[in-house]
>>> print(open('query35.cif').read())   # mmCIF, C-alpha atoms
data_work
#
loop_
_atom_site.group_PDB
_atom_site.id
_atom_site.type_symbol
_atom_site.label_atom_id
_atom_site.label_comp_id
_atom_site.auth_asym_id
_atom_site.auth_seq_id
_atom_site.Cartn_x
_atom_site.Cartn_y
_atom_site.Cartn_z
ATOM 1 C CA MET A 22 -92.674 63.276 208.750
ATOM 2 C CA CYS A 23 -91.763 63.686 205.141
ATOM 3 C CA LEU A 24 -88.266 62.881 203.943
ATOM 4 C CA ASN A 25 -85.542 65.157 202.622
ATOM 5 C CA HIS A 26 -85.139 64.758 198.863
ATOM 6 C CA ARG A 27 -81.508 65.784 198.502
ATOM 7 C CA TRP A 28 -79.927 62.389 198.975
ATOM 8 C CA PHE A 29 -81.828 60.593 196.226
ATOM 9 C CA HIS A 30 -79.401 60.032 193.340
ATOM 10 C CA LEU A 31 -80.955 61.549 190.255
ATOM 11 C CA VAL A 32 -81.000 58.742 187.778
ATOM 12 C CA ALA A 33 -81.156 55.749 190.125
ATOM 13 C CA LEU A 34 -79.285 53.524 187.705
ATOM 14 C CA SER A 35 -78.660 50.549 189.974
ATOM 15 C CA LEU A 36 -81.490 48.528 188.428
ATOM 16 C CA LEU A 37 -81.180 47.477 184.784
ATOM 17 C CA MET A 38 -84.303 48.475 182.884
ATOM 18 C CA LEU A 39 -85.977 45.811 180.785
ATOM 19 C CA LEU A 40 -86.768 46.790 177.198
ATOM 20 C CA THR A 41 -90.028 45.346 175.894
ATOM 21 C CA ALA A 42 -91.643 46.068 172.569
ATOM 22 C CA CYS A 43 -95.360 46.370 173.226
ATOM 23 C CA ALA A 44 -96.532 45.031 176.567
ATOM 24 C CA SER A 45 -100.032 45.690 177.792
ATOM 25 C CA THR A 46 -100.614 47.884 180.810
ATOM 26 C CA VAL A 47 -101.648 46.068 183.965
ATOM 27 C CA LYS A 48 -104.279 48.052 185.817
ATOM 28 C CA GLN A 49 -103.769 48.321 189.556
ATOM 29 C CA THR A 50 -105.900 48.916 192.606
ATOM 30 C CA MET A 51 -103.116 50.501 194.652
ATOM 31 C CA GLY A 52 -104.706 53.923 194.793
ATOM 32 C CA TYR A 53 -102.943 57.273 194.656
ATOM 33 C CA TYR A 54 -99.658 58.789 195.745
ATOM 34 C CA HIS A 55 -100.193 62.241 197.303
ATOM 35 C CA ALA A 56 -97.084 64.442 197.126
ATOM 36 C CA PRO A 57 -96.372 66.805 200.040
ATOM 37 C CA GLN A 58 -97.519 70.429 199.917
ATOM 38 C CA LEU A 59 -100.311 69.431 197.490
ATOM 39 C CA ALA A 60 -97.711 69.476 194.706
ATOM 40 C CA TYR A 61 -99.518 66.712 192.809
ATOM 41 C CA THR A 62 -101.435 63.476 193.156
ATOM 42 C CA LEU A 63 -100.398 60.506 191.023
ATOM 43 C CA PRO A 64 -102.739 57.605 190.182
ATOM 44 C CA LEU A 65 -100.643 54.468 190.484
ATOM 45 C CA ASP A 66 -102.526 52.829 187.622
ATOM 46 C CA SER A 67 -101.024 55.408 185.261
ATOM 47 C CA ASN A 68 -100.682 54.206 181.684
ATOM 48 C CA ALA A 69 -96.965 54.991 181.967
ATOM 49 C CA PHE A 70 -96.427 52.015 184.315
ATOM 50 C CA ARG A 71 -96.507 48.266 183.807
ATOM 51 C CA GLY A 72 -97.747 46.310 186.776
ATOM 52 C CA GLN A 73 -97.335 47.123 190.432
ATOM 53 C CA VAL A 74 -95.005 49.958 191.402
ATOM 54 C CA THR A 75 -92.440 50.443 194.151
ATOM 55 C CA LEU A 76 -91.778 53.952 195.424
ATOM 56 C CA THR A 77 -89.152 55.833 197.378
ATOM 57 C CA GLU A 78 -89.750 59.464 198.227
ATOM 58 C CA GLY A 79 -88.185 62.480 199.838
ATOM 59 C CA CYS A 80 -88.888 66.164 200.339
ATOM 60 C CA ASP A 81 -88.108 69.372 202.131
ATOM 61 C CA HIS A 82 -89.913 72.704 202.225
ATOM 62 C CA VAL A 83 -88.723 73.772 198.743
ATOM 63 C CA GLY A 84 -89.159 70.579 196.761
ATOM 64 C CA GLY A 85 -89.477 66.842 196.647
ATOM 65 C CA SER A 86 -88.702 63.696 194.682
ATOM 66 C CA LEU A 87 -90.495 60.451 193.953
ATOM 67 C CA ASN A 88 -88.599 57.483 192.512
ATOM 68 C CA ILE A 89 -90.786 54.894 190.787
ATOM 69 C CA TRP A 90 -89.964 51.351 189.656
ATOM 70 C CA ASP A 91 -92.678 49.383 187.902
ATOM 71 C CA ALA A 92 -92.999 45.594 187.748
ATOM 72 C CA GLN A 93 -90.531 45.430 184.848
ATOM 73 C CA ASN A 94 -87.893 47.481 186.712
ATOM 74 C CA ARG A 95 -88.497 50.468 184.453
ATOM 75 C CA PHE A 96 -87.468 53.607 186.308
ATOM 76 C CA PHE A 97 -89.312 56.928 186.459
ATOM 77 C CA ARG A 98 -88.790 59.945 188.669
ATOM 78 C CA ILE A 99 -90.813 63.062 189.472
ATOM 79 C CA ASP A 100 -89.081 66.072 191.039
ATOM 80 C CA TYR A 101 -90.924 69.239 191.977
ATOM 81 C CA LEU A 102 -89.074 72.453 192.854
ATOM 82 C CA ARG A 103 -90.474 75.639 194.343
ATOM 83 C CA ILE A 104 -89.463 78.415 191.978
ATOM 84 C CA ASN A 105 -87.009 80.978 193.388
ATOM 85 C CA GLN A 106 -86.644 78.941 196.584
ATOM 86 C CA ASP A 107 -84.964 75.747 195.423
ATOM 87 C CA PRO A 108 -81.403 76.545 194.237
ATOM 88 C CA LEU A 109 -82.011 74.585 191.028
ATOM 89 C CA ALA A 110 -84.993 76.793 190.167
ATOM 90 C CA MET A 111 -83.757 80.363 190.591
ATOM 91 C CA ILE A 112 -85.490 82.242 187.784
ATOM 92 C CA PRO A 113 -85.212 85.882 186.603
ATOM 93 C CA PRO A 114 -88.372 88.015 186.826
ATOM 94 C CA TYR A 115 -90.970 87.697 184.074
ATOM 95 C CA ALA A 116 -89.333 84.658 182.486
ATOM 96 C CA ALA A 117 -91.617 82.762 180.120
ATOM 97 C CA ASP A 118 -92.531 79.167 180.936
ATOM 98 C CA HIS A 119 -90.280 77.678 178.252
ATOM 99 C CA THR A 120 -87.396 79.840 179.534
ATOM 100 C CA ILE A 121 -87.958 78.525 183.053
ATOM 101 C CA ALA A 122 -87.835 74.954 181.758
ATOM 102 C CA GLU A 123 -84.631 75.668 179.852
ATOM 103 C CA ILE A 124 -82.941 77.223 182.907
ATOM 104 C CA ILE A 125 -83.830 74.248 185.092
ATOM 105 C CA LEU A 126 -82.628 71.799 182.452
ATOM 106 C CA ALA A 127 -79.326 73.674 182.229
ATOM 107 C CA ASN A 128 -78.953 73.503 186.024
ATOM 108 C CA TYR A 129 -79.504 69.744 185.978
ATOM 109 C CA GLU A 130 -76.928 69.388 183.208
ATOM 110 C CA ARG A 131 -74.347 71.638 184.911
ATOM 111 C CA LYS A 132 -74.869 70.931 188.606
ATOM 112 C CA VAL A 133 -76.616 67.590 188.954
ATOM 113 C CA ILE A 134 -75.272 65.216 186.325
ATOM 114 C CA PRO A 135 -71.554 66.084 186.805
ATOM 115 C CA ALA A 136 -71.846 65.397 190.540
ATOM 116 C CA SER A 137 -71.725 61.637 190.058
ATOM 117 C CA ALA A 138 -68.454 59.732 190.124
ATOM 118 C CA ASN A 139 -70.167 56.762 188.445
ATOM 119 C CA ILE A 140 -70.620 58.480 185.080
ATOM 120 C CA LYS A 141 -67.747 58.189 182.624
ATOM 121 C CA VAL A 142 -69.215 60.070 179.650
ATOM 122 C CA VAL A 143 -72.251 62.346 179.222
ATOM 123 C CA ASN A 144 -73.581 63.479 175.861
ATOM 124 C CA ASN A 145 -76.449 65.912 175.399
ATOM 125 C CA LEU A 146 -78.653 64.509 172.643
ATOM 126 C CA GLY A 147 -80.857 67.523 172.104
ATOM 127 C CA LYS A 148 -83.861 69.364 173.461
ATOM 128 C CA VAL A 149 -87.118 70.679 172.054
ATOM 129 C CA SER A 150 -89.930 72.918 173.294
ATOM 130 C CA VAL A 151 -93.159 70.981 173.863
ATOM 131 C CA ARG A 152 -96.652 71.509 175.230
ATOM 132 C CA VAL A 153 -97.145 69.784 178.576
ATOM 133 C CA ARG A 154 -100.546 69.959 180.289
ATOM 134 C CA ASN A 155 -101.336 73.202 178.425
ATOM 135 C CA HIS A 156 -98.018 74.734 179.464
ATOM 136 C CA GLU A 157 -94.887 75.474 177.474
ATOM 137 C CA GLY A 158 -92.226 73.015 178.551
ATOM 138 C CA MET A 159 -89.039 71.287 177.481
ATOM 139 C CA PHE A 160 -88.183 67.713 176.464
ATOM 140 C CA ALA A 161 -84.526 66.679 176.469
ATOM 141 C CA MET A 162 -82.394 63.543 176.371
ATOM 142 C CA VAL A 163 -78.859 62.721 177.438
ATOM 143 C CA SER A 164 -76.775 59.578 177.085
ATOM 144 C CA LEU A 165 -74.833 58.319 180.086
ATOM 145 C CA SER A 166 -71.951 55.873 180.058
ATOM 146 C CA MET A 167 -72.187 54.314 183.507
ATOM 147 C CA GLN A 168 -69.433 52.498 185.345
ATOM 148 C CA HIS A 169 -70.379 48.884 185.900
ATOM 149 C CA LYS A 170 -69.813 49.188 189.659
ATOM 150 C CA ALA A 171 -72.890 51.442 189.856
ATOM 151 C CA ILE A 172 -75.178 48.721 188.510
ATOM 152 C CA PRO A 173 -74.678 45.216 189.899
ATOM 153 C CA GLU A 174 -76.480 43.613 186.943
ATOM 154 C CA LEU A 175 -73.772 44.879 184.570
ATOM 155 C CA LYS A 176 -71.099 42.892 186.425
ATOM 156 C CA ASP A 177 -67.793 43.867 184.783
ATOM 157 C CA LYS A 178 -69.072 45.745 181.727
ATOM 158 C CA ASP A 179 -69.902 49.445 181.509
ATOM 159 C CA GLN A 180 -73.109 50.336 179.681
ATOM 160 C CA LEU A 181 -74.756 53.238 177.921
ATOM 161 C CA PHE A 182 -78.159 54.449 179.121
ATOM 162 C CA TYR A 183 -80.502 57.098 177.780
ATOM 163 C CA TYR A 184 -82.205 59.477 180.174
ATOM 164 C CA GLY A 185 -85.112 61.751 179.346
ATOM 165 C CA PHE A 186 -86.401 64.941 180.951
ATOM 166 C CA LEU A 187 -89.825 66.552 180.610
ATOM 167 C CA ILE A 188 -89.865 69.909 182.413
ATOM 168 C CA PHE A 189 -92.767 72.303 182.890
ATOM 169 C CA LYS A 190 -94.061 74.961 185.275
ATOM 170 C CA ASP A 191 -97.466 75.054 186.920
ATOM 171 C CA GLY A 192 -98.171 77.798 189.448
ATOM 172 C CA ASP A 193 -95.127 78.392 191.646
ATOM 173 C CA LEU A 194 -93.729 74.897 191.128
ATOM 174 C CA ALA A 195 -91.562 73.416 188.407
ATOM 175 C CA TYR A 196 -91.939 69.724 187.614
ATOM 176 C CA ILE A 197 -89.090 67.596 186.269
ATOM 177 C CA LEU A 198 -90.287 64.207 185.017
ATOM 178 C CA GLN A 199 -87.584 61.668 184.200
ATOM 179 C CA HIS A 200 -87.308 58.221 182.625
ATOM 180 C CA ARG A 201 -84.430 55.957 181.654
ATOM 181 C CA MET A 202 -84.114 53.545 178.734
ATOM 182 C CA PRO A 203 -81.339 51.211 177.532
ATOM 183 C CA ALA A 204 -81.958 52.097 173.865
ATOM 184 C CA PHE A 205 -82.090 55.360 171.940
ATOM 185 C CA GLN A 206 -85.816 55.786 171.282
ATOM 186 C CA PRO A 207 -86.601 59.501 171.663
ATOM 187 C CA ASP A 208 -90.192 59.256 170.425
ATOM 188 C CA ARG A 209 -90.969 56.469 172.862
ATOM 189 C CA MET A 210 -89.213 58.339 175.663
ATOM 190 C CA ARG A 211 -91.294 61.435 175.008
ATOM 191 C CA VAL A 212 -94.545 59.450 174.867
ATOM 192 C CA GLN A 213 -93.806 57.762 178.201
ATOM 193 C CA LEU A 214 -93.068 61.065 179.920
ATOM 194 C CA GLN A 215 -96.119 62.756 178.389
ATOM 195 C CA LEU A 216 -98.296 59.878 179.620
ATOM 196 C CA LEU A 217 -96.943 60.354 183.124
ATOM 197 C CA ALA A 218 -97.531 64.116 182.979
ATOM 198 C CA SER A 219 -101.081 63.755 181.682
ATOM 199 C CA ASP A 220 -102.022 61.390 184.519
ATOM 200 C CA MET A 221 -100.782 63.726 187.268
ATOM 201 C CA ILE A 222 -103.412 65.687 189.194
ATOM 202 C CA ILE A 223 -102.196 69.258 189.837
ATOM 203 C CA PRO A 224 -102.669 70.631 192.437
ATOM 204 C CA GLY A 225 -102.677 67.458 194.462
ATOM 205 C CA HIS A 226 -105.178 66.151 196.964
ATOM 206 C CA PRO A 227 -104.433 65.874 200.693
ATOM 207 C CA PRO A 228 -104.042 62.313 201.979
ATOM 208 C CA THR A 229 -107.317 62.747 203.856
ATOM 209 C CA SER A 230 -109.228 62.989 200.557
ATOM 210 C CA PRO A 231 -111.570 60.160 199.508
ATOM 211 C CA LEU A 232 -108.910 59.026 197.037
ATOM 212 C CA LYS A 233 -107.320 55.844 198.329
ATOM 213 C CA THR A 234 -103.758 56.600 199.437
ATOM 214 C CA VAL A 235 -100.994 54.114 198.751
ATOM 215 C CA LYS A 236 -98.781 53.040 201.632
ATOM 216 C CA ARG A 237 -95.687 55.193 201.311
ATOM 217 C CA ILE A 238 -92.149 53.880 201.531
ATOM 218 C CA GLY A 239 -88.753 55.460 201.369
ATOM 219 C CA HIS A 240 -85.481 56.374 203.046
ATOM 220 C CA ALA A 241 -84.663 59.382 205.203
ATOM 221 C CA VAL A 242 -81.510 61.426 205.490
ATOM 222 C CA VAL A 243 -80.899 65.178 205.668
ATOM 223 C CA HIS A 244 -78.340 67.035 203.572
ATOM 224 C CA GLY A 245 -77.627 70.691 202.937
ATOM 225 C CA MET A 246 -80.058 72.534 200.701
ATOM 226 C CA GLU A 247 -77.448 73.341 198.050
ATOM 227 C CA ASP A 248 -75.607 70.035 198.104
ATOM 228 C CA PHE A 249 -76.229 69.100 194.483
ATOM 229 C CA GLY A 250 -74.158 65.965 194.884
ATOM 230 C CA HIS A 251 -77.063 64.250 196.573
ATOM 231 C CA TYR A 252 -79.042 64.468 193.357
ATOM 232 C CA ALA A 253 -76.082 62.800 191.673
ATOM 233 C CA ILE A 254 -76.594 60.201 189.008
ATOM 234 C CA GLY A 255 -75.199 56.922 190.168
ATOM 235 C CA SER A 256 -75.762 53.990 192.412
ATOM 236 C CA GLN A 257 -79.354 54.082 193.644
ATOM 237 C CA PRO A 258 -80.179 52.019 196.726
ATOM 238 C CA PRO A 259 -82.928 49.479 196.082
ATOM 239 C CA PRO A 260 -86.307 50.334 197.592
ATOM 240 C CA VAL A 261 -86.424 49.661 201.310
ATOM 241 C CA ALA A 262 -89.613 49.965 203.330
ATOM 242 C CA ALA A 263 -89.804 52.877 205.757
ATOM 243 C CA THR A 264 -92.921 54.737 206.778
ATOM 244 C CA CYS A 265 -93.330 58.414 205.947
ATOM 245 C CA GLU A 266 -96.026 60.601 207.461
ATOM 246 C CA TRP A 267 -97.291 63.381 205.184
ATOM 247 C CA ASN A 268 -96.366 66.905 206.261
ATOM 248 C CA ALA A 269 -97.393 69.975 204.261
ATOM 249 C CA GLN A 270 -94.799 72.294 205.776
ATOM 250 C CA ILE A 271 -91.202 71.149 206.286
ATOM 251 C CA ALA A 272 -89.470 67.804 206.489
ATOM 252 C CA LYS A 273 -87.603 66.460 209.470
ATOM 253 C CA PRO A 274 -85.445 63.335 209.466
ATOM 254 C CA THR A 275 -87.126 60.074 210.409
ATOM 255 C CA GLY A 276 -84.192 57.775 209.883
ATOM 256 C CA SER A 277 -80.849 57.401 208.204
ATOM 257 C CA LEU A 278 -79.245 55.522 205.391
ATOM 258 C CA PRO A 279 -78.051 52.027 206.215
#
>>> encode(input="query35.cif", output="structure tokens")
Amino acid sequence: MCLNHRWFHLVALSLLMLLTACASTVKQTMGYYHAPQLAYTLPLDSNAFRGQVTLTEGCDHVGGSLNIWDAQNRFFRIDYLRINQDPLAMIPPYAADHTIAEIILANYERKVIPASANIKVVNNLGKVSVRVRNHEGMFAMVSLSMQHKAIPELKDKDQLFYYGFLIFKDGDLAYILQHRMPAFQPDRMRVQLQLLASDMIIPGHPPTSPLKTVKRIGHAVVHGMEDFGHYAIGSQPPPVAATCEWNAQIAKPTGSLP
């Protein structure tokens, strides 16, 4: 069964990201990640990643999340939300694509980010309309002052992180791509997220397709559909292996948090 996506903490800031200047991309032979409901397929040799990747995933019938750590502990995340079904993607009729992206970004800023007790200060650093996969979308960045208890590597010192969003609509789904960095580099942030978006295959392929499917790992726990706190930015559990059988309809719990 697939996993409910509500419990995954949005930013997953428990692993300190390594900042490297210009490392080469290591091509992989891991295959493809196939999101539920044919939302997308992601080649795991995407140019956005460096080395092998570790995944945790979750979903329900109105959306899903994929957390991605590459070999250098750089964190990415892909959320997809079914428009006018997921409470974070309730959109007025006839809204333009860039308006949809702006509404979803505002919901993340108002309902998701403030839900974390591990964030001391949040600053919105700006947003701009962009073209994403031939759609009008939105790129935005925020800075987050995280309490050191949320990230073991910080020990007794709080630290500032920068978190980027790339939001766009395709069909009846909205996609929210995310990446974190320890330095303020908006151009680099945007390039990384655009690389990830360009490598996604939308709509996705079923796991029975000839594309080689990666072994899927994750956690499972069920929360209420409108419990925004379970998107909350904060302490993200490290990846733990747990099997997840693809289901195109609705998720049911297959386990629980430790």
>>> resolve_selection(input="query35.cif", expression="the PyMOL selection byres ((chain A and resi 145) around 7)", output="PyMOL selection string")
chain A and resi 143-144+146-147+162-164
>>> closest_residue(input="query35.cif", among="A:Val142, A:Pro114, A:Phe96, A:Leu109", to="Asn128 in chain A", atoms="only C-alpha atoms")
A:Leu109
>>> closest_atom_pairs(input="query35.cif", of="range 40-136 of chain A", to="range 194-203 of chain A", cutoff="8 Å", atoms="all atoms listed in the file", output="JSON lines")
{"residue": "A:Leu40", "atom": "CA", "partner": "A:Pro203", "partner_atom": "CA", "distance": 7.0}
{"residue": "A:Ala60", "atom": "CA", "partner": "A:Leu194", "partner_atom": "CA", "distance": 7.6}
{"residue": "A:Arg95", "atom": "CA", "partner": "A:Arg201", "partner_atom": "CA", "distance": 7.4}
{"residue": "A:Phe96", "atom": "CA", "partner": "A:His200", "partner_atom": "CA", "distance": 5.9}
{"residue": "A:Phe97", "atom": "CA", "partner": "A:His200", "partner_atom": "CA", "distance": 4.5}
{"residue": "A:Arg98", "atom": "CA", "partner": "A:Gln199", "partner_atom": "CA", "distance": 4.9}
{"residue": "A:Ile99", "atom": "CA", "partner": "A:Leu198", "partner_atom": "CA", "distance": 4.6}
{"residue": "A:Asp100", "atom": "CA", "partner": "A:Ile197", "partner_atom": "CA", "distance": 5.0}
{"residue": "A:Tyr101", "atom": "CA", "partner": "A:Tyr196", "partner_atom": "CA", "distance": 4.5}
{"residue": "A:Leu102", "atom": "CA", "partner": "A:Ala195", "partner_atom": "CA", "distance": 5.2}
{"residue": "A:Arg103", "atom": "CA", "partner": "A:Leu194", "partner_atom": "CA", "distance": 4.6}
{"residue": "A:Ile104", "atom": "CA", "partner": "A:Leu194", "partner_atom": "CA", "distance": 5.6}
{"residue": "A:Ala110", "atom": "CA", "partner": "A:Ala195", "partner_atom": "CA", "distance": 7.6}
{"residue": "A:Ala122", "atom": "CA", "partner": "A:Ala195", "partner_atom": "CA", "distance": 7.8}
>>> atom_distance(input="query35.cif", atom1="CA of His55 in chain A", atom2="CA of Trp90 in chain A")
16.8 Å
>>> closest_residue(input="query35.cif", among="A:Gly192, A:Pro135, A:Pro108, A:Pro207", to="Phe160 in chain A", atoms="only C-alpha atoms")
A:Pro207
>>> axis_aligned_box(input="query35.cif", around="range 126-131 of chain A", padding_each_side="5 Å", output="lines of an AutoDock Vina configuration file")
center_x = -78.5
center_y = 71.5
center_z = 184.1
size_x = 18.3
size_y = 14.3
size_z = 13.8
>>> residues_around(input="query35.cif", residues="Ala116 in chain A", least_positions_apart="4", cutoff="12 Å", atoms="only C-alpha atoms", output="short mmCIF file (atom, residue, chain, number, x, y, z; two decimals) with C-alpha atoms, in the frame of the given file")
data_model
loop_
_atom_site.label_atom_id
_atom_site.label_comp_id
_atom_site.auth_asym_id
_atom_site.auth_seq_id
_atom_site.Cartn_x
_atom_site.Cartn_y
_atom_site.Cartn_z
CA ILE A 104 -89.46 78.42 191.98
CA ASN A 105 -87.01 80.98 193.39
CA ALA A 110 -84.99 76.79 190.17
CA MET A 111 -83.76 80.36 190.59
CA ILE A 112 -85.49 82.24 187.78
CA THR A 120 -87.40 79.84 179.53
CA ILE A 121 -87.96 78.53 183.05
CA ALA A 122 -87.84 74.95 181.76
CA GLU A 123 -84.63 75.67 179.85
CA ILE A 124 -82.94 77.22 182.91
CA GLU A 157 -94.89 75.47 177.47
CA LYS A 190 -94.06 74.96 185.28
#
>>> atom_distance(input="query35.cif", atom1="CA of Asp208 in chain A", atom2="CA of Asp220 in chain A")
18.5 Å
>>> residues_around(input="query35.cif", residues="Met159 in chain A", least_positions_apart="2", cutoff="9 Å", atoms="only C-alpha atoms", output="count of residues only")
17
>>> atom_distance(input="query35.cif", atom1="CA of Lys132 in chain A", atom2="CA of Gly84 in chain A")
16.5 Å
